[in-house]
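A.B. asks: I have a structure I would like to understand better, so I am pasting it below and will then ask my questions one at a time.
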Amino acid sequence: MRKLSIVALAAASALALAGCATEAPVAEEVTGAEIRVWLVGTDTPQEARDYLVETFAEENPGNTLVIEEQAWGGLVDKLTTNLSGSDSPDVVEVGNTQAAAFTSAGAFLDLSDEYEALGGDDLLPGFVEAGSYDGAFYAAPYYSGARVVFYDTAMYEAAGLSVPTTLDEYISNGVALAEANPGVSGIYFPGQDWYNALPYIWENGGEIATFENGEWVPGFSTPESIAGLEQIQNVMTNASAAPEDGNEAEAQVPYCAGQIAQLSAPSWFKWSILAPADADAPGCPDKEESLGVFALPGMDGGAAAVFAGGSNIAVSANSAYPELATSALAIMLSEEYQTILGGAGLVPALTSLGDTIGTDATAQAISAAASNAKLTPASPNWAEVEAAGVLQDFFVKIAQGGDVATLAAEVDARIGEILNP
Amino acid sequence: MALAPSGMRTPAPPPVDGGRPDSAAAPRPRRRRRPLTPIMLLVPTTIVLLAIIGWPLLQLVIISFQEFGRPQVFGAPAPFVGLDNYADVLTDSAFWAVLSRSFLFAAVNVVLTMTLGTLVAVLMMRLTRFFRLLVSIGLLLAWAMPALTAVVVWGWMFDTQFGVINYLLSQLPGVDMIGHSWLIEPLSFFAVATVIITWQSVPFVAFTIYAGLTQVPGEVLEAAQLDGAGGLARFRLIVFPYLKSIFIVVTILQVIWDLRVFTQIYALQGIGGIREQTSTIGVYIFQTSLGTGDFGAGGAIAVILVIIMMSISIYYVRKSIQEETL
C-alpha cells in the first residue's frame, strides 16, 4: 500500500511539474532565464564559446547562456525529438545540408525581420539559401568549412613527389605513396566517408541528383558519375589502407601513428593533429613540421569542386524566450565572434571577414577550396538520405570492390524514392 | 463470478421472502468492503501504467494510421490514411528481410544465453564460497555495464586497425589479421553483436536460475542419486521440472529483449558494417521513423512488433497459468 501511494504521489508530482513548464514567457525584462545553445562537434573554438557566454551575460543582465555540445552523429534524430518538445534548446547549430529538413517542417523561428540586422547581403549566399524556405529566412549561416588535403611532406620528399596539380596526379601520387610505404594510406579513404567521394563525381561532370520537370533525378549512374566512382574505387583499393567500413572520425589517430600520407579533411582537422599529446583527444604536435596542406586539385588543374561543409544556426520555434535566443544568435554573427572563427580556420559567415582566416598555406588552401565548393541537392528530404546512411552504405560497398554500375543503379533507386516521396 | 449463466438472469430478486433481506443485509457491507480495497490498491498502479504505457501506445496506434512526417512533428495537421502505412510496410521486401533476420538473431542469442546462463548457474552451485563470490562479482560487472559503453569497448577490441583481437590473432604463426574488418560481412557483424549481447545477458539468466537452483530440495536429489540417476538425468528429471516456470519466464524475457534489441546494433553500425544488411527490427523502426522521417510507417512497424511480442508472451503466460491450475 505504502509503495503504491509513493508511486502515485510521484506520478502526481510529475504531472504537476509538467504543468509548470508551459508557463507563458514574459516578453519584456526577462530575468533568470537560461538560454541553451546547442553547438555541434568540437569545431567552435573555446575562445568563441567564452566570448559568447560572457557577451550574452553583459548584454542581458540577470540571464545566463549555457552551451551544450552535441555530436554530429544522429544529429537529425536528436533535433527532431528535442525541437518538437517543450524542453527545446533555444539556439541550435545544424549542418547546412540538414537545415532544409527543419526549415520546411516549421521547427525554426522565422528570422526574416532580422535578416538585415544579422548581416544582410554580407551573409554567405549559399548558406542563406540553405536556411531559407518558401521565401522566409529561418537559419542563418554560422560558418563554412572547406575540405583541404593534408599531407606528410617527409613522405613526399622520400618518394620524390611534388604537390599535384591535377586530380589524376593526386591519385597517382597516392598510389605511389601506398606502394612505397607498406601499411600506409597514400590517400586515407575509409568507406563511410562520402563527403570526400563527392569531388571525384563532380570533377568528372556527374551530379548526385538534378531537379528536372518538378522531380529529382538521381545521377550516380550517368557515365560521368560512373567514371568518378571508378576513380574512387581505384583510390580505395590501391591507395587507401583505411578500414573499408570505417568512418572519417578520429583520423588523427592513424595520422599520428604515421599511417597516412595524404587525406582530405575539413580545415579544422589541423587542430586535431596538432592537439597536445596529453589532451582528451591527443594529437601529435611534433608532426607540425612535416604537415603540409593544399587544395584538392581538379581534373583540369585549379581547385576541385569540393563539398561545402559548414553549419547554419537557428532559433527553435519552441524556444521559451525567442527574443533572448535571437540576441544570442546575433552575438554569434557579430564581427568579433566571426573573427574568432576565422582565426581558427573556419570560413566566417560574413563574406566581408573572409581575410580573417589569415594568409598562411592553410588559409590559402582553404580560400582556394572554398572558391569552388558545392552543396548537396537542395531538397527538404536530403537530410533523410543522410540520416538513413544511404551514401555511407553505398561507398562501403564500393570500397569492398562491388560492381560500380550495379551499385550506382541501386543507390539511384533509393535516393529517388527518398527525394520524390 | 460475474458471468452468471444467461438462464439465471431472472428479472428482479423476489421480494417475497421477508426474512432474507435482513440476513442478507449483514454480509453485504462486508462483501462490499472486500472488493473495494483491492480496487483502491490497484488504482494508482493502473493510472501510472495507463499514463506511461497506455497513452504512448495509443498515440503509436493513431500515428500508424496517419501520414505523419517531420512537419507533423512540428504541429502540421496529420491526415488519416487508413491502412496505407500497413499496406506499404507489409508489401516491402526490406521489412520481411529485417523481420526474419531479427527472429534468427534472437533465436541464436536466446539459445546461447540460456545455455551459458544455466551452465554458469550450475557451476556456481558447485563452487566454494570464495569462488562463487568471485564469479558473482564478475557477472555483476558485465551486467552493470551500460549497453552503449559495452559496445564502444568491444568495438575497440574488434577495431580493424588497432583492435587487440586482430593483434592477438596475428601473434599466431602464419596468421595476419591486421586490417581485417569484423563488421563488414553481415554474418561476422552479427557474430560480434552476439558476443556483446550474450556477454551482457548471461548474468541475469545465471543469477535467476542460480536462485532457483538453491530452492530445489536436496533430499529429492539425494534420493535420485541413490537410485542411480546421473547428473544429467537428475537435471532433466528433477531440477528442470522444479524450475520450469523460472525457465519459461526467463526465456520469454530473453526473447523479447533480443527481438527488440536496439542499442548494441545501432551503435555497432556507427563503428562499421553496412546498415542495410545489418538492421534488426528495433533499429529498422528507428531508421524509418527518425532517419527517414516517416513516423507513420515506423508506427505501423512498431504496432506489428507489439502484436508479435504480445502473441509470444500470451502463449507462454496462458500455458504457465494452465499448468498452475492443473
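Here's how to read the names in the C-alpha cells: chain A, B, ... by the order shown, residue numbers from 1 in each chain, ligand numbers from 1 in the order shown.
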Would you mind listing what lies within 8 Å of region 283-285 of chain B as a PDB file with N, CA, C and O atoms, in the first residue's frame, with only C-alpha atoms counted and same-chain residues fewer than 2 positions away left out?
C.D. replies:
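Saved to around17.pdb:
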ATOM      1  N   VAL B  98      14.226  -7.775 -42.739  1.00  0.00           N
ATOM      2  CA  VAL B  98      14.616  -7.336 -41.404  1.00  0.00           C
ATOM      3  C   VAL B  98      13.959  -8.218 -40.345  1.00  0.00           C
ATOM      4  O   VAL B  98      14.598  -8.639 -39.378  1.00  0.00           O
ATOM      5  N   VAL B 261      16.156  -5.756 -29.734  1.00  0.00           N
ATOM      6  CA  VAL B 261      17.473  -5.193 -29.425  1.00  0.00           C
ATOM      7  C   VAL B 261      17.730  -3.950 -30.283  1.00  0.00           C
ATOM      8  O   VAL B 261      17.429  -3.929 -31.476  1.00  0.00           O
ATOM      9  N   PHE B 262      18.243  -2.924 -29.630  1.00  0.00           N
ATOM     10  CA  PHE B 262      18.460  -1.672 -30.363  1.00  0.00           C
ATOM     11  C   PHE B 262      19.881  -1.139 -30.181  1.00  0.00           C
ATOM     12  O   PHE B 262      20.649  -1.062 -31.125  1.00  0.00           O
ATOM     13  N   ILE B 265      23.072  -2.923 -31.704  1.00  0.00           N
ATOM     14  CA  ILE B 265      23.133  -2.957 -33.167  1.00  0.00           C
ATOM     15  C   ILE B 265      23.357  -1.547 -33.709  1.00  0.00           C
ATOM     16  O   ILE B 265      24.213  -1.315 -34.566  1.00  0.00           O
ATOM     17  N   TYR B 266      22.600  -0.590 -33.185  1.00  0.00           N
ATOM     18  CA  TYR B 266      22.684   0.791 -33.682  1.00  0.00           C
ATOM     19  C   TYR B 266      24.101   1.343 -33.493  1.00  0.00           C
ATOM     20  O   TYR B 266      24.674   1.945 -34.402  1.00  0.00           O
ATOM     21  N   SER B 279      20.453  -4.257 -40.162  1.00  0.00           N
ATOM     22  CA  SER B 279      19.432  -3.705 -39.280  1.00  0.00           C
ATOM     23  C   SER B 279      18.525  -4.799 -38.743  1.00  0.00           C
ATOM     24  O   SER B 279      18.076  -5.662 -39.483  1.00  0.00           O
ATOM     25  N   THR B 280      18.267  -4.736 -37.437  1.00  0.00           N
ATOM     26  CA  THR B 280      17.240  -5.587 -36.851  1.00  0.00           C
ATOM     27  C   THR B 280      15.983  -4.739 -36.691  1.00  0.00           C
ATOM     28  O   THR B 280      16.010  -3.534 -36.932  1.00  0.00           O
ATOM     29  N   ILE B 281      14.892  -5.357 -36.246  1.00  0.00           N
ATOM     30  CA  ILE B 281      13.603  -4.672 -36.294  1.00  0.00           C
ATOM     31  C   ILE B 281      13.598  -3.377 -35.454  1.00  0.00           C
ATOM     32  O   ILE B 281      13.059  -2.358 -35.880  1.00  0.00           O
ATOM     33  N   GLN B 287      15.161   3.823 -37.816  1.00  0.00           N
ATOM     34  CA  GLN B 287      15.606   4.409 -39.082  1.00  0.00           C
ATOM     35  C   GLN B 287      14.426   4.902 -39.909  1.00  0.00           C
ATOM     36  O   GLN B 287      14.487   5.966 -40.511  1.00  0.00           O
ATOM     37  N   THR B 288      13.356   4.122 -39.914  1.00  0.00           N
ATOM     38  CA  THR B 288      12.195   4.534 -40.694  1.00  0.00           C
ATOM     39  C   THR B 288      11.571   5.786 -40.087  1.00  0.00           C
ATOM     40  O   THR B 288      11.210   6.724 -40.801  1.00  0.00           O
ATOM     41  N   SER B 289      11.444   5.806 -38.763  1.00  0.00           N
ATOM     42  CA  SER B 289      10.773   6.930 -38.120  1.00  0.00           C
ATOM     43  C   SER B 289      11.649   8.166 -38.116  1.00  0.00           C
ATOM     44  O   SER B 289      11.327   9.167 -38.747  1.00  0.00           O
ATOM     45  N   GLY B 298       6.862   3.935 -39.587  1.00  0.00           N
ATOM     46  CA  GLY B 298       7.575   3.450 -38.403  1.00  0.00           C
ATOM     47  C   GLY B 298       6.594   2.991 -37.341  1.00  0.00           C
ATOM     48  O   GLY B 298       6.785   1.954 -36.710  1.00  0.00           O
ATOM     49  N   GLY B 299       5.516   3.773 -37.155  1.00  0.00           N
ATOM     50  CA  GLY B 299       4.487   3.406 -36.188  1.00  0.00           C
ATOM     51  C   GLY B 299       3.827   2.088 -36.563  1.00  0.00           C
ATOM     52  O   GLY B 299       3.590   1.244 -35.703  1.00  0.00           O
ATOM     53  N   ILE B 301       5.117  -0.386 -38.257  1.00  0.00           N
ATOM     54  CA  ILE B 301       6.037  -1.495 -37.963  1.00  0.00           C
ATOM     55  C   ILE B 301       6.047  -1.771 -36.460  1.00  0.00           C
ATOM     56  O   ILE B 301       6.027  -2.925 -36.028  1.00  0.00           O
ATOM     57  N   ALA B 302       6.060  -0.691 -35.665  1.00  0.00           N
ATOM     58  CA  ALA B 302       6.092  -0.854 -34.216  1.00  0.00           C
ATOM     59  C   ALA B 302       4.836  -1.574 -33.727  1.00  0.00           C
ATOM     60  O   ALA B 302       4.910  -2.447 -32.864  1.00  0.00           O
TER      61      ALA B 302
END
A.B. asks: Using only C-alpha atoms and a cut-off of 10 Å, which residues of chain B sit close to chain A? Please list them as number ranges by chain.
C.D. replies: B: 38, 40-48, 51-52, 69-76, 159-162, 178-185, 269-277, 284, 286-294
A.B. asks: Quote the spacing between CA of Glu93 (chain A) and CA of Asp50 (chain A) in Å to one decimal place.
C.D. replies: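 These atoms are spaced 16.8 Å apart.
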A.B. asks: Could you tell me how far CA of Val66 (chain A) lies from CA of Glu323 (chain A), in Å and to one decimal?
C.D. replies: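 Here the two named atoms are 16.0 Å from each other.
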A.B. asks: Please provide the set of residues having any atom within 10 Å of region 338-349 of chain A, restricted to only C-alpha atoms, with same-chain residues fewer than 4 positions apart removed, written as a PyMOL selection string.
C.D. replies: chain A and resi 43-49+51+119+122-125+127-128+140-146+266-271+310-312+331-334+353-358+362-363+366-367+370
A.B. asks: Which is closest to Val250 (chain B) among B:Leu50, B:Ala206, B:Val122, B:Ala97, if we use only C-alpha atoms?
C.D. replies: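 Of B:Leu50, B:Ala206, B:Val122, B:Ala97, the one nearest Val250 (chain B), counting only C-alpha atoms, is B:Ala206.
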A.B. asks: Quick one: DSSP helix (DSSP H, G or I) residues in region 283-362 of chain A, as an NGL selection string?
C.D. replies: :A and (285-290 or 322-332 or 335-343 or 351-357 or 361-362)
